[in-house]
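Peer 1: Just run35.txt, nothing more (compact mmCIF, C-alpha atoms):
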# COMPACT_ATOMS: atom_id res chain seq x y z
CA MET A 88 36.11 -29.01 -36.90
CA ILE A 89 33.72 -26.18 -36.08
CA SER A 90 33.54 -22.54 -37.12
CA VAL A 91 33.88 -19.45 -34.93
CA LYS A 92 30.18 -18.70 -35.51
CA GLN A 93 29.20 -22.15 -34.28
CA LEU A 94 31.36 -21.66 -31.19
CA SER A 95 29.63 -18.34 -30.50
CA MET A 96 26.25 -20.11 -30.70
CA LEU A 97 27.47 -22.71 -28.22
CA THR A 98 28.51 -19.81 -25.98
CA VAL A 99 24.98 -18.39 -26.00
CA VAL A 100 23.49 -21.78 -25.11
CA LEU A 101 26.13 -22.39 -22.44
CA ILE A 102 25.24 -19.24 -20.49
CA PHE A 103 21.63 -18.53 -21.40
CA SER A 104 20.21 -21.97 -20.55
CA THR A 105 21.09 -21.66 -16.84
CA VAL A 106 20.87 -17.90 -16.41
CA ILE A 107 17.27 -17.78 -17.65
CA LEU A 108 16.37 -20.46 -15.11
CA TYR A 109 17.75 -19.29 -11.80
CA LEU A 110 19.02 -15.72 -12.20
CA PRO A 111 15.65 -13.99 -11.59
CA SER A 112 14.90 -15.55 -8.20
CA ILE A 113 18.51 -15.59 -6.98
CA SER A 114 19.48 -12.13 -8.21
CA LEU A 115 16.33 -10.25 -7.18
CA LYS A 116 16.80 -11.25 -3.53
CA HIS A 117 19.79 -8.91 -3.44
CA SER A 118 19.34 -6.43 -6.28
CA GLY A 119 15.71 -5.34 -5.88
CA ASN A 120 14.09 -3.80 -8.94
CA GLY A 121 17.52 -2.98 -10.35
CA GLY A 122 18.00 -6.68 -11.05
CA PHE A 123 17.68 -6.13 -14.79
CA LEU A 124 21.11 -4.43 -14.62
CA SER A 125 22.82 -7.36 -12.85
CA PRO A 126 23.47 -9.35 -16.07
CA TRP A 127 25.49 -6.41 -17.43
CA VAL A 128 27.72 -6.53 -14.36
CA SER A 129 27.98 -10.34 -14.40
CA MET A 130 29.02 -10.42 -18.05
CA ILE A 131 32.26 -8.57 -17.20
CA VAL A 132 33.59 -11.82 -15.71
CA GLY A 133 32.83 -13.70 -18.93
CA MET A 134 34.53 -11.02 -21.02
CA ILE A 135 37.67 -11.02 -18.87
CA VAL A 136 37.92 -14.81 -19.07
CA ILE A 137 37.48 -14.77 -22.86
CA LEU A 138 40.18 -12.14 -23.37
CA MET A 139 42.67 -14.08 -21.23
CA MET A 140 41.83 -17.45 -22.83
CA VAL A 141 42.20 -16.29 -26.41
CA THR A 142 45.41 -14.38 -25.64
CA LEU A 143 47.03 -17.46 -24.08
CA PHE A 144 45.73 -19.75 -26.81
CA ARG A 145 47.31 -17.61 -29.53
CA ALA A 146 50.50 -16.86 -27.60
CA TYR A 147 51.29 -20.56 -27.23
CA HIS A 148 50.49 -21.33 -30.89
CA GLN A 149 47.04 -22.85 -30.42
CA PRO A 150 47.82 -25.74 -28.06
CA THR A 151 45.41 -28.07 -26.33
CA PHE A 152 44.41 -27.19 -22.78
CA LEU A 153 46.76 -29.79 -21.27
CA THR A 154 49.70 -28.69 -23.42
CA LEU A 155 49.10 -25.09 -22.44
CA LEU A 156 49.10 -25.96 -18.73
CA LYS A 157 52.31 -27.96 -19.12
CA ASN A 158 53.99 -25.06 -20.91
CA LEU A 159 52.88 -22.60 -18.24
CA LEU A 160 53.29 -24.68 -15.08
CA GLY A 161 55.61 -27.52 -16.01
CA GLN A 162 54.67 -31.17 -16.52
CA PRO A 163 53.86 -32.35 -12.95
CA LEU A 164 51.92 -29.26 -11.86
CA GLY A 165 50.23 -28.98 -15.25
CA ILE A 166 48.84 -32.51 -14.92
CA ILE A 167 47.68 -31.87 -11.33
CA VAL A 168 45.81 -28.72 -12.40
CA SER A 169 44.31 -30.69 -15.30
CA PHE A 170 42.87 -33.18 -12.80
CA LEU A 171 41.37 -30.28 -10.85
CA TYR A 172 39.69 -29.02 -14.00
CA ILE A 173 38.41 -32.51 -14.81
CA PHE A 174 36.76 -32.46 -11.38
CA TYR A 175 35.32 -28.98 -12.03
CA PHE A 176 33.89 -29.87 -15.44
CA PHE A 177 32.44 -33.17 -14.19
CA ASN A 178 30.94 -31.56 -11.09
CA THR A 179 29.37 -28.78 -13.17
CA GLY A 180 27.96 -31.35 -15.58
CA LEU A 181 26.38 -33.15 -12.62
CA TYR A 182 24.53 -30.10 -11.36
CA VAL A 183 23.37 -29.21 -14.89
CA LEU A 184 22.07 -32.76 -15.26
CA ARG A 185 20.24 -32.49 -11.93
CA GLU A 186 18.78 -29.11 -12.93
CA SER A 187 17.43 -30.65 -16.13
CA ILE A 188 15.85 -33.48 -14.17
CA GLY A 189 14.29 -31.01 -11.73
CA ILE A 190 12.68 -29.02 -14.55
CA ILE A 191 11.29 -32.13 -16.25
CA ARG A 192 9.87 -33.53 -13.01
CA ALA A 193 8.39 -30.21 -11.91
CA THR A 194 6.65 -29.51 -15.21
CA LEU A 195 6.17 -32.64 -17.33
CA LEU A 196 6.82 -35.94 -15.52
CA PRO A 197 6.22 -35.49 -11.77
CA LYS A 198 5.65 -39.20 -11.10
CA THR A 199 8.54 -40.57 -13.16
CA PRO A 200 11.45 -41.91 -11.06
CA ILE A 201 14.44 -39.59 -11.01
CA LEU A 202 16.86 -42.32 -12.06
CA MET A 203 14.78 -43.08 -15.15
CA ILE A 204 14.95 -39.46 -16.33
CA CYS A 205 18.59 -39.31 -15.29
CA PHE A 206 19.65 -42.30 -17.39
CA THR A 207 17.63 -41.05 -20.37
CA ILE A 208 19.37 -37.66 -20.38
CA SER A 209 22.75 -39.27 -19.68
CA PHE A 210 22.43 -41.53 -22.71
CA ALA A 211 21.54 -38.45 -24.77
CA TYR A 212 24.83 -37.00 -23.51
CA ALA A 213 26.64 -40.19 -24.49
CA PHE A 214 25.15 -40.10 -27.99
CA GLY A 215 26.23 -36.49 -28.46
CA ILE A 216 29.75 -37.08 -27.12
CA TYR A 217 30.19 -40.12 -29.36
CA ASN A 218 29.16 -38.17 -32.47
CA GLY A 219 31.57 -35.35 -31.67
CA ILE A 220 31.51 -31.61 -31.20
CA GLN A 221 30.69 -31.04 -34.89
CA ALA A 222 27.35 -32.82 -34.51
CA VAL A 223 26.60 -30.91 -31.31
CA ALA A 224 27.40 -27.60 -33.03
CA ARG A 225 25.13 -28.40 -35.99
CA PHE A 226 22.27 -29.36 -33.70
CA THR A 227 22.78 -26.13 -31.77
CA GLN A 228 22.44 -24.21 -35.04
CA LEU A 229 19.02 -25.80 -35.54
CA ILE A 230 17.59 -24.74 -32.18
CA ILE A 231 19.46 -21.50 -31.40
CA GLY A 232 16.66 -19.56 -33.10
CA PHE A 233 14.36 -20.51 -30.22
CA VAL A 234 16.36 -18.30 -27.84
CA PRO A 235 15.27 -14.89 -29.22
CA ILE A 236 11.80 -16.27 -29.97
CA ILE A 237 11.36 -17.25 -26.30
CA VAL A 238 12.40 -13.78 -25.15
CA ILE A 239 10.20 -11.93 -27.67
CA ILE A 240 7.10 -14.03 -26.89
CA LEU A 241 7.66 -13.70 -23.15
CA PHE A 242 8.09 -9.92 -23.29
CA LEU A 243 5.21 -9.20 -25.70
CA GLY A 244 2.92 -11.58 -23.83
CA VAL A 245 3.18 -9.69 -20.54
CA LEU A 246 2.88 -6.13 -21.89
CA GLY A 247 -0.84 -5.93 -21.12
CA LYS A 248 -0.24 -6.97 -17.50
CA PHE A 249 2.97 -4.99 -17.02
CA HIS A 250 3.22 -2.79 -13.90
CA VAL A 251 5.62 0.12 -14.28
CA SER A 252 5.15 0.86 -10.57
CA ALA A 253 7.24 -2.25 -9.80
CA PHE A 254 10.30 -0.25 -10.87
CA LEU A 255 9.60 2.69 -8.57
CA PRO A 256 11.66 3.87 -6.87
CA LEU A 257 14.29 2.84 -9.41
CA LEU A 258 17.26 0.96 -7.95
CA ASP A 259 15.54 0.60 -4.58
CA GLU A 260 18.51 -1.42 -3.27
CA GLY A 261 21.06 0.99 -4.77
CA PHE A 262 23.83 0.11 -7.19
CA MET A 263 25.53 -2.05 -4.54
CA GLY A 264 22.39 -4.18 -4.62
CA VAL A 265 22.88 -4.62 -8.37
CA ILE A 266 26.46 -5.74 -7.76
CA ARG A 267 25.39 -8.18 -5.03
CA GLY A 268 22.77 -9.56 -7.41
CA ALA A 269 25.47 -10.06 -10.04
CA TYR A 270 27.74 -12.20 -7.84
CA ILE A 271 26.14 -15.62 -8.38
CA PRO A 272 25.28 -15.06 -12.08
CA ALA A 273 28.92 -14.07 -12.66
CA SER A 274 29.83 -17.73 -12.09
CA TRP A 275 27.51 -18.72 -14.96
CA PHE A 276 29.06 -16.19 -17.31
CA GLY A 277 32.43 -17.52 -16.19
CA GLU A 278 31.51 -20.96 -17.52
CA VAL A 279 32.92 -19.78 -20.85
CA ILE A 280 36.15 -21.27 -19.46
CA LEU A 281 34.83 -24.46 -21.04
CA LEU A 282 35.44 -22.96 -24.50
CA TRP A 283 39.18 -23.17 -23.85
CA LEU A 284 38.99 -26.92 -24.51
CA LEU A 285 37.01 -26.35 -27.72
CA PHE A 286 39.49 -23.88 -29.27
CA PRO A 287 41.60 -26.68 -30.83
CA TYR A 288 38.50 -27.81 -32.76
CA LEU A 289 38.21 -24.46 -34.57
CA ARG A 290 38.89 -24.29 -38.30
CA ASP A 291 40.40 -20.85 -37.77
CA ASN A 292 40.39 -18.31 -34.96
CA LYS A 293 39.98 -15.10 -36.93
CA GLN A 294 37.66 -12.66 -35.17
CA LEU A 295 37.35 -15.15 -32.32
CA ILE A 296 37.36 -12.50 -29.59
CA THR A 297 34.82 -10.37 -31.47
CA HIS A 298 32.34 -13.22 -31.94
CA LEU A 299 32.62 -14.44 -28.35
CA LEU A 300 32.26 -10.97 -26.84
CA ILE A 301 29.20 -10.33 -29.00
CA SER A 302 27.73 -13.62 -27.71
CA ILE A 303 28.22 -12.43 -24.13
CA LEU A 304 26.55 -9.10 -24.92
CA VAL A 305 23.61 -10.86 -26.60
CA VAL A 306 23.03 -13.06 -23.55
CA ALA A 307 23.21 -10.07 -21.18
CA PHE A 308 20.72 -8.15 -23.34
CA LEU A 309 18.24 -11.05 -23.63
CA VAL A 310 18.39 -11.83 -19.92
CA SER A 311 17.86 -8.15 -19.07
CA ILE A 312 14.69 -8.14 -21.19
CA ILE A 313 13.46 -11.24 -19.35
CA MET A 314 14.24 -9.67 -15.98
CA ILE A 315 12.27 -6.54 -16.92
CA ALA A 316 9.29 -8.70 -17.91
CA ILE A 317 9.47 -10.72 -14.68
CA ILE A 318 9.76 -7.67 -12.41
CA GLY A 319 6.96 -5.87 -14.27
CA LEU A 320 4.58 -8.83 -14.02
CA LEU A 321 5.36 -10.53 -10.70
CA GLY A 322 7.11 -7.78 -8.79
CA VAL A 323 10.41 -8.18 -6.95
CA THR A 324 9.02 -9.89 -3.84
CA GLU A 325 6.99 -12.53 -5.67
CA ALA A 326 9.68 -13.16 -8.30
CA SER A 327 12.38 -13.69 -5.68
CA ARG A 328 10.20 -16.36 -4.03
CA THR A 329 9.48 -18.18 -7.30
CA GLU A 330 12.25 -20.64 -8.16
CA LEU A 331 11.45 -20.86 -11.89
CA ALA A 332 10.24 -17.31 -12.38
CA SER A 333 10.74 -17.35 -16.17
CA TYR A 334 8.52 -20.40 -16.53
CA GLU A 335 5.94 -18.89 -14.17
CA VAL A 336 5.77 -15.74 -16.31
CA MET A 337 5.40 -17.80 -19.48
CA ARG A 338 2.26 -19.37 -17.97
CA TYR A 339 0.68 -15.90 -17.96
CA VAL A 340 1.42 -15.32 -21.63
CA GLU A 341 -1.59 -15.40 -23.93
CA PHE A 342 -2.55 -13.72 -27.18
CA GLY A 343 -6.32 -13.35 -27.24
CA ASP A 344 -8.42 -16.50 -27.18
CA PHE A 345 -6.59 -18.30 -29.95
CA LEU A 346 -3.14 -18.71 -28.34
CA GLN A 347 -3.05 -19.67 -24.68
CA HIS A 348 -1.11 -22.03 -22.38
CA ILE A 349 2.03 -21.83 -24.50
CA ASP A 350 4.30 -22.72 -21.58
CA ALA A 351 4.67 -26.24 -23.03
CA LEU A 352 6.14 -24.74 -26.21
CA PHE A 353 8.54 -22.84 -23.99
CA LEU A 354 9.66 -25.97 -22.15
CA PHE A 355 10.69 -28.01 -25.19
CA PRO A 356 13.51 -25.75 -26.45
CA TRP A 357 14.44 -24.86 -22.87
CA ILE A 358 15.09 -28.50 -21.99
CA LEU A 359 17.04 -29.00 -25.22
CA LEU A 360 19.26 -26.04 -24.35
CA MET A 361 19.93 -27.53 -20.91
CA VAL A 362 20.78 -30.91 -22.45
CA ILE A 363 23.28 -29.26 -24.82
CA LYS A 364 24.89 -27.42 -21.92
CA GLY A 365 25.29 -30.59 -19.86
CA LEU A 366 26.58 -32.42 -22.92
CA LEU A 367 29.27 -29.77 -23.44
CA PHE A 368 30.56 -30.16 -19.89
CA PHE A 369 30.73 -33.93 -20.13
CA PHE A 370 32.31 -33.70 -23.59
CA VAL A 371 35.23 -31.62 -22.30
CA THR A 372 35.48 -33.94 -19.26
CA VAL A 373 35.94 -36.94 -21.55
CA ASP A 374 38.25 -34.98 -23.84
CA LEU A 375 40.57 -33.76 -21.08
CA PHE A 376 40.52 -37.10 -19.24
CA GLY A 377 41.47 -38.90 -22.45
CA GLU A 378 44.29 -36.45 -23.14
CA VAL A 379 45.75 -36.68 -19.63
CA PHE A 380 45.84 -40.49 -19.79
CA ALA A 381 46.77 -40.55 -23.51
CA ILE A 382 43.69 -42.64 -24.39
CA LYS A 383 43.54 -42.93 -28.17
CA ASN A 384 39.95 -44.17 -28.36
CA LYS A 385 38.06 -41.89 -25.96
CA ALA A 386 34.78 -43.66 -26.75
CA TRP A 387 35.69 -46.24 -24.10
CA THR A 388 35.32 -43.60 -21.40
CA ILE A 389 31.81 -42.51 -22.43
CA LEU A 390 29.73 -45.38 -20.99
CA PRO A 391 31.42 -45.36 -17.55
CA LEU A 392 30.88 -41.59 -17.48
CA VAL A 393 27.16 -42.01 -18.21
CA ILE A 394 26.68 -44.51 -15.39
CA LEU A 395 28.80 -42.53 -12.93
CA SER A 396 27.07 -39.22 -13.71
CA SER A 397 23.59 -40.73 -13.37
CA VAL A 398 24.24 -42.28 -9.98
CA THR A 399 26.34 -39.42 -8.60
CA SER A 400 23.95 -36.61 -9.57
CA HIS A 401 21.10 -38.44 -7.85
CA TRP A 402 23.20 -39.06 -4.75
CA LEU A 403 24.61 -35.52 -4.45
CA PHE A 404 21.35 -33.63 -5.03
CA LEU A 405 18.50 -35.48 -3.36
CA ASP A 406 15.90 -32.78 -4.05
CA ASP A 407 15.42 -29.37 -5.69
CA PHE A 408 16.05 -27.58 -2.38
CA SER A 409 19.56 -29.03 -2.16
CA ILE A 410 20.26 -27.74 -5.70
CA SER A 411 19.14 -24.24 -4.74
CA GLN A 412 21.28 -24.30 -1.60
CA TYR A 413 24.26 -25.51 -3.61
CA LEU A 414 23.82 -22.77 -6.23
CA GLU A 415 23.53 -19.99 -3.66
CA ILE A 416 26.15 -21.07 -1.11
CA VAL A 417 28.73 -23.48 -2.57
CA TRP A 418 28.69 -22.96 -6.32
CA PRO A 419 29.80 -19.30 -6.76
CA MET A 420 33.08 -19.58 -4.80
CA PHE A 421 33.84 -23.03 -6.18
CA ALA A 422 33.14 -22.04 -9.78
CA LEU A 423 34.85 -18.64 -9.77
CA PHE A 424 38.03 -20.23 -8.43
CA PHE A 425 38.32 -22.30 -11.62
CA GLU A 426 36.72 -19.79 -13.97
CA LEU A 427 38.41 -16.57 -12.89
CA ILE A 428 41.05 -16.93 -10.14
CA LEU A 429 43.14 -19.68 -11.76
CA PRO A 430 42.98 -18.13 -15.27
CA ILE A 431 44.14 -14.80 -13.80
CA LEU A 432 47.08 -16.59 -12.16
CA PHE A 433 47.89 -18.30 -15.48
CA PHE A 434 47.76 -14.96 -17.26
CA ILE A 435 49.98 -13.23 -14.67
CA LEU A 436 52.51 -16.07 -14.98
CA PHE A 437 52.42 -15.68 -18.77
CA LEU A 438 53.04 -11.91 -18.52
CA LEU A 439 55.93 -12.43 -16.08
CA ARG A 440 57.59 -14.97 -18.36
CA ARG A 441 57.14 -12.74 -21.38
CA SER A 442 58.64 -9.75 -19.56
CA GLN A 443 61.65 -11.86 -18.51
CA ARG A 444 62.12 -13.07 -22.07
CA ARG A 445 62.32 -9.60 -23.61
CA PRO A 446 65.43 -8.37 -21.73
CA SER A 447 67.29 -11.58 -22.60
CA ILE A 448 66.45 -11.07 -26.29
CA ARG A 449 67.72 -7.46 -26.18
CA SER A 450 70.96 -8.41 -24.42
CA SER A 451 71.72 -11.05 -27.03
Can the structure in the file be given as structure tokens, please?

Peer 2:
Amino acid sequence: MISVKQLSMLTVVLIFSTVILYLPSISLKHSGNGGFLSPWVSMIVGMIVILMMVTLFRAYHQPTFLTLLKNLLGQPLGIIVSFLYIFYFFNTGLYVLRESIGIIRATLLPKTPILMICFTISFAYAFGIYNGIQAVARFTQLIIGFVPIIVIILFLGVLGKFHVSAFLPLLDEGFMGVIRGAYIPASWFGEVILLWLLFPYLRDNKQLITHLLISILVVAFLVSIIMIAIIGLLGVTEASRTELASYEVMRYVEFGDFLQHIDALFLFPWILLMVIKGLLFFFVTVDLFGEVFAIKNKAWTILPLVILSSVTSHWLFLDDFSISQYLEIVWPMFALFFELILPILFFILFLLRRSQRRPSIRSS
């Protein structure tokens, strides 16, 4: 079992690890120098999803995800929707795995075969899944402190090279540009849908909404700080052309002559955060798959998952360009369907059933 605080830490890792990677370049193409406001718009999706998830979880007396779907939709349709979510979680885990490989190859191991890195990370996933969510949560507690440290070092390190003129005129693309820049990142904030499958592992759910909403706010704040640093150093045009803008900015960070080239220190926790995120998606994939098929010992599904994920991620995303195209064109609509549209439909169905129940209670 895990605590609410541990779940909130997992929430920060879940969103922050991807947003810090791709949000700057993707968002700034549409938002202009108002891109630092886009995370605050994107986070609204995450907050809506959290409020609906927790309400349904408590209303149905803390069921598992599959049980909840069966109660809402009936047995046949509930199982069908569960299969759809298995596909969503597995597919998301694949692209997170491929992102991790892309970072490692681009920065540390450019000549290492992709499959070698892929199998290494996949076996790290398998080890984490086998040890359970408690072990993952404890490990997250050990490295979560790197998140604010990364942001503070990045921001302080660029102050001497910061160009205020990059923000003038303010909101050069208007507020609609900010909203357009928030569209794709909204799908990353919506990934909190994954937490729905972790709720049954909580010791208690007191102040659950409060902790999760604070986690969302923390991520939005930290990412805004990073966006300000990136815009002030690189400018909107250059940052939007740089795929890993956060890493590029970190290469400029130096404190006198005694502390330079600290980008390697930045990479280590960054990669760990990405590994934890991918692990979480494959963990819930195994968990939901095992529940649907009533598999008592879910450990048997871990090794096939590792092999399948390694081969499939390499086959689906042949290069970094295909990942970028997927994130900008396919991913947002695909993800938001599972993260926002379906949960809204579940919640509407819940409200309709509750409203029908009340008159019958009064008449009796």

Peer 1: Calculate how many Å separate CA of Val245 in chain A from CA of Trp275 in chain A, rounding to one decimal.

Peer 2: 26.5 Å

Peer 1: Which of these, A:Leu202, A:Leu171, A:Ala351, A:Ala211, has the shortest distance to Phe376 in chain A once you count only C-alpha atoms?

Peer 2: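 Distance minimum relative to Phe376 in chain A lands on A:Leu171.
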
Peer 1: CA of Asp350 in chain A to CA of Leu94 in chain A: how many Å, to one decimal?

Peer 2: 28.7 Å

Peer 1: Please, which residues are within 12 Å of (5.4, -17.9, -16.7) by the file's coordinates, counting all atoms listed in the file, and could they come as an MDAnalysis selection string?

Peer 2: chainID A and resid 107:108 194 237:238 240:242 244:245 313 316:318 320:321 326 329:341 347:354

Peer 1: So what do you get for CA of Ile230 in chain A versus CA of Phe123 in chain A, distance-wise?

Peer 2: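 That distance, rounded to one decimal, is 25.5 Å.
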
Peer 1: Applying 10 Å and all atoms listed in the file, which residues near Leu153 in chain A remain after dropping the ones on its own chain fewer than 3 positions away? List them as a PyMOL selection string.

Peer 2: chain A and resi 150+156-159+162+165-166+168-170+284+375-376+378-379

Peer 1: Using all atoms listed in the file, which of the listed residues (A:Val279, A:Val100, A:Ile266, A:Ile204) sits closest to Ser400 in chain A?

Peer 2: A:Ile204

Peer 1: Counting all atoms listed in the file, which of A:Thr297, A:Ser129, A:Thr227, A:Thr207 gets nearest to Val393 in chain A?

Peer 2: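 Among the listed residues, the smallest separation from Val393 in chain A belongs to A:Thr207.
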
Peer 1: Each side padded by 3 Å, which centre and which edge lengths in Å (one decimal) define the axis-aligned box around the listed atoms of range 417-432 of chain A? Give them as lines of an AutoDock Vina configuration file.

Peer 2:
center_x = 37.9
center_y = -19.1
center_z = -8.9
size_x = 24.4
size_y = 14.7
size_z = 18.7

Peer 1: Taking (26.7, -7.5, -15.4) in the file's coordinates as the center, which residues reach within 8 Å of it, counting only C-alpha atoms, put as an NGL selection string?

Peer 2: :A and (124-131 or 266 or 269 or 273 or 307)

Peer 1: Keeping only C-alpha atoms, take the residues you just selected and write them out as a PDB file, keeping the file's coordinate frame.

Peer 2:
ATOM      1  CA  LEU A 124      21.110  -4.430 -14.620  1.00  0.00           C
ATOM      2  CA  SER A 125      22.820  -7.360 -12.850  1.00  0.00           C
ATOM      3  CA  PRO A 126      23.470  -9.350 -16.070  1.00  0.00           C
ATOM      4  CA  TRP A 127      25.490  -6.410 -17.430  1.00  0.00           C
ATOM      5  CA  VAL A 128      27.720  -6.530 -14.360  1.00  0.00           C
ATOM      6  CA  SER A 129      27.980 -10.340 -14.400  1.00  0.00           C
ATOM      7  CA  MET A 130      29.020 -10.420 -18.050  1.00  0.00           C
ATOM      8  CA  ILE A 131      32.260  -8.570 -17.200  1.00  0.00           C
ATOM      9  CA  ILE A 266      26.460  -5.740  -7.760  1.00  0.00           C
ATOM     10  CA  ALA A 269      25.470 -10.060 -10.040  1.00  0.00           C
ATOM     11  CA  ALA A 273      28.920 -14.070 -12.660  1.00  0.00           C
ATOM     12  CA  ALA A 307      23.210 -10.070 -21.180  1.00  0.00           C
TER      13      ALA A 307
END
